[in-house]
Amino acid sequence: MISGTREGPQSGAPRLIPFGGGKGGVGKTFVAANLATTLAKAGHRVVAVDGDLEGANLHTALGVTRPRNSVAEYAAEREEDVRKLLEETPIPNLRLIAATRPNLANPQPSHALRVRFVRALRTLDADFVFIDLGAGADSTVMDYFMVCDDGVVVIAPEPTSVENAYAFMRAAFYRRLKLSMISTDVRKVIALAMDERNERGIRTPLDLLREVKTLDTEEAHRFVEVMRAFRPRIIVNDVRSAEDIRLGFSVRSVCRKYFAIDAEYLGYVNHDAAARASVRARRPLVDSDPRSDAAVYLARIARKLIAPRVGACAGAAAGFAQRGEGEQSPTRGPV
Amino acid sequence: MKPLTEQDYYETLDVARSANPEDIERAYRLACDTYREDSIAGYPVFEVGDVELLRERIEIAYRILVDPETRRAYDLELSAQAFEAPVRAGAASAAGEEVSARPAAAVLAPLDAFDELEEAEGDWTGARLRRARLRQGIELDDITRITKVNPTYLAFIEDERFDGLPAAVYVRGFVTGYAGCLGLDAKRVAASYLQRYEERKGGSKRRLFARK
């Protein structure tokens, strides 16, 4: 077992939970805003961070019309203190870091700044910090998804969304692997494997593991550890039929068989006209209409979301921190 | 996790060694669904040849495991293999085994995995009926096949569109059939639902009356 729950609310530091999924429009912001609200209403201290500098709308979903501050200030290095970016929302216990008014010429903070930003988030006085990610799977998105091993992947029951979700999880997994490996040779092989049409015929992480084993047994051991710890969690949004619900199980099966990724199916949110109405009203559904069908589903997911994790975090600690200017990796202990 | 070709039948179907026949049936249906040609979940990753191979393996695994006799024989074979297999050296391969030994129960949680979180009591509303149905992975058409109730009425029951529904005596029958399909306490569910129906219908009638 790998010692987990390092960031549990009890230990002081907040637990960071990113919401990604690759495709835009699948409901990442809706799901993140509502889960954050659910937890806040249950008495947890939650900070919702908008990680989408080029398409910010978490503030709108949470009913904050004109945020005074923004991650953009941090990106432009006009504000150094992340705590000063915090904004109250209409929901008690729930604060927001918005991402409005970016400098369109250069919206994204540099990698070093992103690392510093994440580290600052970990020091916030809160139980949970949710990060709502933008679409895509490039490094500006992935750096935030890498804050833990069990980030949330939101899927809509459509082929396009599923396709992007696979690409997203695959990208996350290889990135995590590459960051966790020390040997240059091994890193090279991983970089090679990240190209889907590589000459060596490495198609799955298991093929890759075989290659790594021939290079370095110790690295192979680490590889397996990262593989085991990496557990993205899937939410299927806007389901209309039992078939849509089964999609989550199918995606999990494909992840296991084709990518050797052990994803977890966290739950599904039913299609509900009340959800659309709440978006229009710019209020989280669980706040405006807590008895609606979709709100009940969201409440279920919220409970599962914060349930104690079964051994996690080793990869996360190793991966992101290593590049993060020598942040101490807390779990290199006995395995 | 192991490459497909090295997986035993249980791993191929993603079920625990202790899986009961229903688990196996459910896992098989899910696997068929997932790895059929036009599957939403599968098509982005399928390549020519490999999915056929996988389907074949799933089929064989199911055939063996669904029949108690062949399953028993296979289990014996597996335990014999485990007994004979030399202890493999090397930390990496040992750790690799562990990956596949992930809590078997969680490997294929049935569709009612969220059951424990469901509200235990309260009124049977249309939305609650729908949640119970979806949790079991049952489509409205499935209920129609059994109860012969028009799926439009079933949808109206879930949406509580009482104006579109016939007289109470029919609705009671529909809901009873619906609840029976889900293995619910049909009498109790129907009584609870009908109470809502009567209240709402009665309410609107009273309003109509009052206006006159």
# chains A, B, ... in the order shown; residues from 1 in each chain; ligands from 1

$ residues_around --residues "Ala155 in chain B" --least-positions-apart "3" --cutoff "12 Å" --atoms "only C-alpha atoms" --output "PDB file with C-alpha atoms, in the first residue's frame"
ATOM      1  CA  ARG A 240     -30.747   9.980 -21.083  1.00  0.00           C
ATOM      2  CA  SER A 241     -30.864   6.194 -21.050  1.00  0.00           C
TER       3      SER A 241
ATOM      4  CA  GLY B 126     -41.580   9.816 -11.048  1.00  0.00           C
ATOM      5  CA  ALA B 127     -37.964  10.926 -10.779  1.00  0.00           C
ATOM      6  CA  LEU B 129     -38.785   5.631 -10.210  1.00  0.00           C
ATOM      7  CA  ARG B 130     -36.546   6.686 -13.097  1.00  0.00           C
ATOM      8  CA  ARG B 133     -34.790   2.020 -13.250  1.00  0.00           C
ATOM      9  CA  GLU B 139     -34.697   0.867 -20.545  1.00  0.00           C
ATOM     10  CA  LEU B 140     -38.347   1.866 -20.853  1.00  0.00           C
ATOM     11  CA  ASP B 141     -38.665  -0.460 -23.826  1.00  0.00           C
ATOM     12  CA  ILE B 143     -40.534  -2.581 -19.284  1.00  0.00           C
ATOM     13  CA  THR B 144     -42.900  -2.269 -22.203  1.00  0.00           C
ATOM     14  CA  VAL B 149     -47.664  -0.684 -21.278  1.00  0.00           C
ATOM     15  CA  ASN B 150     -47.062   1.929 -23.943  1.00  0.00           C
ATOM     16  CA  PRO B 151     -43.608   3.529 -23.416  1.00  0.00           C
ATOM     17  CA  THR B 152     -45.154   6.968 -23.793  1.00  0.00           C
ATOM     18  CA  GLU B 158     -41.607   9.272 -14.798  1.00  0.00           C
ATOM     19  CA  ASP B 159     -42.104  12.876 -15.831  1.00  0.00           C
ATOM     20  CA  GLU B 160     -45.266  13.108 -13.731  1.00  0.00           C
ATOM     21  CA  ARG B 161     -47.193  14.469 -16.648  1.00  0.00           C
ATOM     22  CA  PHE B 162     -50.453  13.483 -15.013  1.00  0.00           C
ATOM     23  CA  GLY B 164     -51.367  12.829 -20.264  1.00  0.00           C
ATOM     24  CA  LEU B 165     -52.208   9.767 -18.191  1.00  0.00           C
ATOM     25  CA  PHE B 174     -49.031   0.687 -14.957  1.00  0.00           C
ATOM     26  CA  VAL B 175     -47.047   1.644 -11.886  1.00  0.00           C
ATOM     27  CA  TYR B 178     -43.304  -0.902 -13.674  1.00  0.00           C
TER      28      TYR B 178
END

$ residues_around --residues "range 93-108 of chain A" --least-positions-apart "2" --cutoff "10 Å" --atoms "only C-alpha atoms" --output "PyMOL selection string"
chain A and resi 33+36-60+62+64+66-76+82-91+110-111+113-114+126+128-131+140-141

$ interface_residues --of "chain A" --to "chain B" --cutoff "8 Å" --atoms "only C-alpha atoms" --output "VMD selection string"
chain A and resid 158 to 159 162 to 163 206 213 217 to 218 220 to 221 224 to 225 228 241 to 243 245 to 247 249 to 251 253 to 254 256 to 258 260 267 293 300

$ closest_residue --among "A:Val31, A:Gly134, A:Pro18, A:Phe223" --to "Ala299 in chain A" --atoms "only C-alpha atoms"
A:Val31

$ residues_around --residues "Ala281 in chain A" --least-positions-apart "2" --cutoff "12 Å" --atoms "only C-alpha atoms" --output "VMD selection string"
chain A and resid 60 to 65 274 to 279 283 to 285 287 to 289

$ select_by_dssp --residues "range 35-159 of chain A" --states "strand (DSSP E or B)" --output "list of chain:residue names"
A:Val46, A:Val47, A:Ala48, A:Val49, A:Asp50, A:Glu87, A:Glu88, A:Leu94, A:Arg95, A:Leu96, A:Ile97, A:Phe128, A:Val129, A:Phe130, A:Ile131, A:Asp132, A:Val152, A:Val153, A:Val154, A:Ile155

$ closest_residue --among "A:Leu208, A:Arg122, A:Val154, A:Ala273" --to "Ala294 in chain A" --atoms "only C-alpha atoms"
A:Ala273

$ residues_around --residues "Asn164 in chain A" --least-positions-apart "3" --cutoff "10 Å" --atoms "only C-alpha atoms" --output "CSV table (one decimal) with N, CA and C atoms, in the first residue's frame"
chain,number,residue,atom,x,y,z
A,21,GLY,N,-11.3,16.7,-19.1
A,21,GLY,CA,-12.1,15.8,-19.9
A,21,GLY,C,-11.8,15.9,-21.4
A,22,GLY,N,-11.0,16.9,-21.8
A,22,GLY,CA,-10.6,17.0,-23.2
A,22,GLY,C,-11.5,17.9,-24.0
A,23,LYS,N,-12.7,17.4,-24.1
A,23,LYS,CA,-13.6,18.1,-25.0
A,23,LYS,C,-14.3,19.3,-24.3
A,24,GLY,N,-14.6,20.3,-25.0
A,24,GLY,CA,-15.4,21.4,-24.5
A,24,GLY,C,-16.9,21.1,-24.6
A,135,ALA,N,-10.7,23.1,-22.2
A,135,ALA,CA,-10.7,22.0,-23.1
A,135,ALA,C,-9.3,21.7,-23.5
A,136,GLY,N,-9.1,20.6,-24.2
A,136,GLY,CA,-7.8,20.3,-24.7
A,136,GLY,C,-6.9,19.5,-23.7
A,137,ALA,N,-5.7,19.1,-24.2
A,137,ALA,CA,-4.9,18.3,-23.3
A,137,ALA,C,-3.4,18.8,-23.4
A,155,ILE,N,-17.4,13.3,-19.0
A,155,ILE,CA,-17.7,12.8,-20.4
A,155,ILE,C,-19.2,13.0,-20.7
A,159,PRO,N,-19.8,10.1,-29.1
A,159,PRO,CA,-18.5,9.6,-29.6
A,159,PRO,C,-17.4,10.6,-29.5
A,160,THR,N,-17.7,11.9,-29.8
A,160,THR,CA,-16.6,12.9,-29.8
A,160,THR,C,-16.0,13.1,-28.4
A,161,SER,N,-16.9,13.1,-27.5
A,161,SER,CA,-16.5,13.3,-26.1
A,161,SER,C,-15.6,12.1,-25.6
A,167,ALA,N,-8.0,10.4,-25.3
A,167,ALA,CA,-6.8,11.1,-25.6
A,167,ALA,C,-6.3,11.8,-24.4
A,168,PHE,N,-7.2,12.4,-23.6
A,168,PHE,CA,-6.9,13.2,-22.4
A,168,PHE,C,-6.3,12.3,-21.4
A,169,MET,N,-6.9,11.1,-21.1
A,169,MET,CA,-6.4,10.3,-20.0
A,169,MET,C,-5.0,9.7,-20.4
A,170,ARG,N,-4.9,9.4,-21.7
A,170,ARG,CA,-3.6,8.8,-22.2
A,170,ARG,C,-2.5,9.9,-22.1
B,44,PRO,N,-13.0,4.5,-30.9
B,44,PRO,CA,-11.8,5.3,-31.1
B,44,PRO,C,-10.5,4.5,-30.9

$ closest_residue --among "A:Asp125, A:Asp138, A:Asp150, A:Glu79" --to "Phe19 in chain A" --atoms "only C-alpha atoms"
A:Asp150

$ select_by_dssp --residues "range 42-192 of chain A" --states "helix (DSSP H, G or I)" --output "mmCIF file with N, CA and C atoms, in the first residue's frame"
data_model
loop_
_atom_site.group_PDB
_atom_site.id
_atom_site.type_symbol
_atom_site.label_atom_id
_atom_site.label_comp_id
_atom_site.auth_asym_id
_atom_site.auth_seq_id
_atom_site.Cartn_x
_atom_site.Cartn_y
_atom_site.Cartn_z
ATOM 1 N N LEU A 58 -16.538 29.904 -14.863
ATOM 2 C CA LEU A 58 -16.904 29.322 -13.572
ATOM 3 C C LEU A 58 -17.602 30.365 -12.694
ATOM 4 N N HIS A 59 -17.132 31.605 -12.772
ATOM 5 C CA HIS A 59 -17.746 32.668 -11.961
ATOM 6 C C HIS A 59 -19.234 32.808 -12.280
ATOM 7 N N THR A 60 -19.586 32.708 -13.574
ATOM 8 C CA THR A 60 -20.980 32.828 -13.984
ATOM 9 C C THR A 60 -21.792 31.658 -13.445
ATOM 10 N N ALA A 61 -21.216 30.459 -13.535
ATOM 11 C CA ALA A 61 -21.923 29.279 -13.044
ATOM 12 C C ALA A 61 -22.199 29.401 -11.547
ATOM 13 N N VAL A 71 -7.095 35.037 -11.942
ATOM 14 C CA VAL A 71 -5.822 34.354 -12.155
ATOM 15 C C VAL A 71 -4.961 35.149 -13.136
ATOM 16 N N ALA A 72 -5.646 35.887 -14.023
ATOM 17 C CA ALA A 72 -4.911 36.672 -15.019
ATOM 18 C C ALA A 72 -3.921 37.629 -14.354
ATOM 19 N N GLU A 73 -4.318 38.157 -13.197
ATOM 20 C CA GLU A 73 -3.419 39.066 -12.475
ATOM 21 C C GLU A 73 -2.163 38.321 -12.025
ATOM 22 N N TYR A 74 -2.381 37.078 -11.658
ATOM 23 C CA TYR A 74 -1.272 36.243 -11.218
ATOM 24 C C TYR A 74 -0.384 35.891 -12.406
ATOM 25 N N ALA A 75 -1.046 35.560 -13.529
ATOM 26 C CA ALA A 75 -0.308 35.190 -14.740
ATOM 27 C C ALA A 75 0.556 36.353 -15.209
ATOM 28 N N VAL A 82 -1.784 34.481 -3.831
ATOM 29 C CA VAL A 82 -2.971 33.786 -4.332
ATOM 30 C C VAL A 82 -4.187 34.049 -3.435
ATOM 31 N N ARG A 83 -3.936 34.254 -2.159
ATOM 32 C CA ARG A 83 -5.060 34.482 -1.246
ATOM 33 C C ARG A 83 -5.839 35.745 -1.597
ATOM 34 N N LYS A 84 -5.112 36.710 -2.203
ATOM 35 C CA LYS A 84 -5.789 37.962 -2.569
ATOM 36 C C LYS A 84 -6.694 37.792 -3.789
ATOM 37 N N LEU A 85 -6.557 36.644 -4.457
ATOM 38 C CA LEU A 85 -7.419 36.397 -5.622
ATOM 39 C C LEU A 85 -8.778 35.841 -5.203
ATOM 40 N N HIS A 111 5.155 27.908 -17.192
ATOM 41 C CA HIS A 111 5.158 26.648 -16.442
ATOM 42 C C HIS A 111 5.586 26.881 -14.989
ATOM 43 N N ALA A 112 6.633 27.666 -14.822
ATOM 44 C CA ALA A 112 7.131 27.919 -13.466
ATOM 45 C C ALA A 112 6.058 28.584 -12.610
ATOM 46 N N LEU A 113 5.321 29.507 -13.231
ATOM 47 C CA LEU A 113 4.261 30.189 -12.492
ATOM 48 C C LEU A 113 3.133 29.233 -12.128
ATOM 49 N N ARG A 114 2.834 28.323 -13.064
ATOM 50 C CA ARG A 114 1.770 27.351 -12.790
ATOM 51 C C ARG A 114 2.153 26.472 -11.609
ATOM 52 N N VAL A 115 3.411 26.076 -11.583
ATOM 53 C CA VAL A 115 3.894 25.250 -10.475
ATOM 54 C C VAL A 115 3.749 26.014 -9.164
ATOM 55 N N ARG A 116 4.141 27.281 -9.196
ATOM 56 C CA ARG A 116 4.059 28.088 -7.988
ATOM 57 C C ARG A 116 2.597 28.276 -7.566
ATOM 58 N N PHE A 117 1.755 28.456 -8.568
ATOM 59 C CA PHE A 117 0.323 28.648 -8.316
ATOM 60 C C PHE A 117 -0.263 27.422 -7.609
ATOM 61 N N VAL A 118 0.038 26.249 -8.141
ATOM 62 C CA VAL A 118 -0.482 25.017 -7.541
ATOM 63 C C VAL A 118 0.025 24.868 -6.113
ATOM 64 N N ARG A 119 1.286 25.200 -5.928
ATOM 65 C CA ARG A 119 1.845 25.074 -4.580
ATOM 66 C C ARG A 119 1.125 26.020 -3.622
ATOM 67 N N ALA A 120 0.801 27.203 -4.126
ATOM 68 C CA ALA A 120 0.087 28.165 -3.284
ATOM 69 C C ALA A 120 -1.324 27.661 -2.979
ATOM 70 N N LEU A 121 -1.953 27.010 -3.963
ATOM 71 C CA LEU A 121 -3.303 26.472 -3.724
ATOM 72 C C LEU A 121 -3.293 25.471 -2.583
ATOM 73 N N SER A 139 -0.122 21.271 -22.210
ATOM 74 C CA SER A 139 0.523 21.360 -20.898
ATOM 75 C C SER A 139 -0.149 22.380 -19.985
ATOM 76 N N THR A 140 -0.772 23.425 -20.566
ATOM 77 C CA THR A 140 -1.411 24.423 -19.697
ATOM 78 C C THR A 140 -2.595 23.805 -18.960
ATOM 79 N N VAL A 141 -3.201 22.780 -19.555
ATOM 80 C CA VAL A 141 -4.310 22.085 -18.902
ATOM 81 C C VAL A 141 -3.765 20.972 -18.011
ATOM 82 N N MET A 142 -2.817 20.221 -18.579
ATOM 83 C CA MET A 142 -2.330 19.015 -17.912
ATOM 84 C C MET A 142 -1.604 19.302 -16.602
ATOM 85 N N ASP A 143 -0.908 20.414 -16.546
ATOM 86 C CA ASP A 143 -0.214 20.739 -15.299
ATOM 87 C C ASP A 143 -1.182 20.758 -14.129
ATOM 88 N N TYR A 144 -2.412 21.214 -14.376
ATOM 89 C CA TYR A 144 -3.396 21.249 -13.303
ATOM 90 C C TYR A 144 -3.999 19.882 -13.053
ATOM 91 N N PHE A 145 -4.131 19.103 -14.121
ATOM 92 C CA PHE A 145 -4.702 17.771 -13.925
ATOM 93 C C PHE A 145 -3.744 16.888 -13.132
ATOM 94 N N PRO A 159 -19.789 10.145 -29.109
ATOM 95 C CA PRO A 159 -18.501 9.605 -29.578
ATOM 96 C C PRO A 159 -17.377 10.632 -29.491
ATOM 97 N N THR A 160 -17.669 11.871 -29.826
ATOM 98 C CA THR A 160 -16.615 12.887 -29.831
ATOM 99 C C THR A 160 -16.033 13.085 -28.438
ATOM 100 N N SER A 161 -16.913 13.105 -27.458
ATOM 101 C CA SER A 161 -16.454 13.315 -26.092
ATOM 102 C C SER A 161 -15.628 12.131 -25.606
ATOM 103 N N VAL A 162 -16.096 10.928 -25.917
ATOM 104 C CA VAL A 162 -15.381 9.724 -25.467
ATOM 105 C C VAL A 162 -13.992 9.672 -26.091
ATOM 106 N N GLU A 163 -13.943 9.990 -27.360
ATOM 107 C CA GLU A 163 -12.675 9.982 -28.080
ATOM 108 C C GLU A 163 -11.676 10.939 -27.413
ATOM 109 N N ASN A 164 -12.150 12.146 -27.138
ATOM 110 C CA ASN A 164 -11.256 13.116 -26.501
ATOM 111 C C ASN A 164 -10.884 12.720 -25.082
ATOM 112 N N ALA A 165 -11.799 12.062 -24.405
ATOM 113 C CA ALA A 165 -11.510 11.655 -23.031
ATOM 114 C C ALA A 165 -10.368 10.637 -23.005
ATOM 115 N N TYR A 166 -10.383 9.709 -23.966
ATOM 116 C CA TYR A 166 -9.285 8.742 -24.047
ATOM 117 C C TYR A 166 -7.968 9.464 -24.287
ATOM 118 N N ALA A 167 -7.992 10.366 -25.263
ATOM 119 C CA ALA A 167 -6.767 11.103 -25.586
ATOM 120 C C ALA A 167 -6.277 11.847 -24.350
ATOM 121 N N PHE A 168 -7.231 12.393 -23.616
ATOM 122 C CA PHE A 168 -6.901 13.167 -22.421
ATOM 123 C C PHE A 168 -6.261 12.283 -21.356
ATOM 124 N N MET A 169 -6.880 11.141 -21.081
ATOM 125 C CA MET A 169 -6.352 10.255 -20.037
ATOM 126 C C MET A 169 -5.000 9.680 -20.432
ATOM 127 N N ARG A 170 -4.886 9.366 -21.708
ATOM 128 C CA ARG A 170 -3.631 8.813 -22.205
ATOM 129 C C ARG A 170 -2.509 9.856 -22.054
ATOM 130 N N ALA A 171 -2.836 11.076 -22.444
ATOM 131 C CA ALA A 171 -1.844 12.146 -22.329
ATOM 132 C C ALA A 171 -1.429 12.343 -20.877
ATOM 133 N N ALA A 172 -2.427 12.334 -20.004
ATOM 134 C CA ALA A 172 -2.141 12.534 -18.581
ATOM 135 C C ALA A 172 -1.248 11.426 -18.045
ATOM 136 N N PHE A 173 -1.573 10.210 -18.448
ATOM 137 C CA PHE A 173 -0.840 9.060 -17.938
ATOM 138 C C PHE A 173 0.622 9.081 -18.389
ATOM 139 N N TYR A 174 0.845 9.326 -19.666
ATOM 140 C CA TYR A 174 2.219 9.346 -20.160
ATOM 141 C C TYR A 174 3.016 10.513 -19.565
ATOM 142 N N ARG A 175 2.317 11.595 -19.375
ATOM 143 C CA ARG A 175 2.982 12.745 -18.783
ATOM 144 C C ARG A 175 3.435 12.415 -17.358
ATOM 145 N N ARG A 176 2.516 11.795 -16.628
ATOM 146 C CA ARG A 176 2.829 11.391 -15.258
ATOM 147 C C ARG A 176 4.024 10.429 -15.238
ATOM 148 N N LEU A 177 4.008 9.488 -16.161
ATOM 149 C CA LEU A 177 5.091 8.517 -16.237
ATOM 150 C C LEU A 177 6.423 9.193 -16.502
ATOM 151 N N LYS A 178 6.402 10.045 -17.491
ATOM 152 C CA LYS A 178 7.647 10.686 -17.913
ATOM 153 C C LYS A 178 8.236 11.509 -16.764
ATOM 154 N N LEU A 179 7.347 12.191 -16.057
ATOM 155 C CA LEU A 179 7.826 13.033 -14.963
ATOM 156 C C LEU A 179 8.338 12.197 -13.790
ATOM 157 N N SER A 180 7.869 10.961 -13.704
ATOM 158 C CA SER A 180 8.258 10.142 -12.556
ATOM 159 C C SER A 180 9.541 9.356 -12.791
ATOM 160 N N THR A 184 17.465 8.982 -18.096
ATOM 161 C CA THR A 184 17.256 9.684 -19.364
ATOM 162 C C THR A 184 16.841 8.718 -20.465
ATOM 163 N N ASP A 185 17.435 7.533 -20.455
ATOM 164 C CA ASP A 185 17.099 6.549 -21.482
ATOM 165 C C ASP A 185 15.626 6.166 -21.411
ATOM 166 N N VAL A 186 15.157 5.941 -20.183
ATOM 167 C CA VAL A 186 13.767 5.551 -19.992
ATOM 168 C C VAL A 186 12.846 6.677 -20.434
ATOM 169 N N ARG A 187 13.222 7.895 -20.071
ATOM 170 C CA ARG A 187 12.399 9.028 -20.492
ATOM 171 C C ARG A 187 12.311 9.128 -22.001
ATOM 172 N N LYS A 188 13.416 8.800 -22.628
ATOM 173 C CA LYS A 188 13.440 8.854 -24.096
ATOM 174 C C LYS A 188 12.448 7.850 -24.679
ATOM 175 N N VAL A 189 12.445 6.642 -24.119
ATOM 176 C CA VAL A 189 11.531 5.615 -24.620
ATOM 177 C C VAL A 189 10.088 6.053 -24.403
ATOM 178 N N ILE A 190 9.822 6.689 -23.256
ATOM 179 C CA ILE A 190 8.458 7.138 -22.985
ATOM 180 C C ILE A 190 8.054 8.219 -23.982
ATOM 181 N N ALA A 191 8.967 9.146 -24.232
ATOM 182 C CA ALA A 191 8.681 10.201 -25.203
ATOM 183 C C ALA A 191 8.358 9.579 -26.559
ATOM 184 N N LEU A 192 9.084 8.526 -26.866
ATOM 185 C CA LEU A 192 8.855 7.820 -28.133
ATOM 186 C C LEU A 192 7.456 7.200 -28.151
#
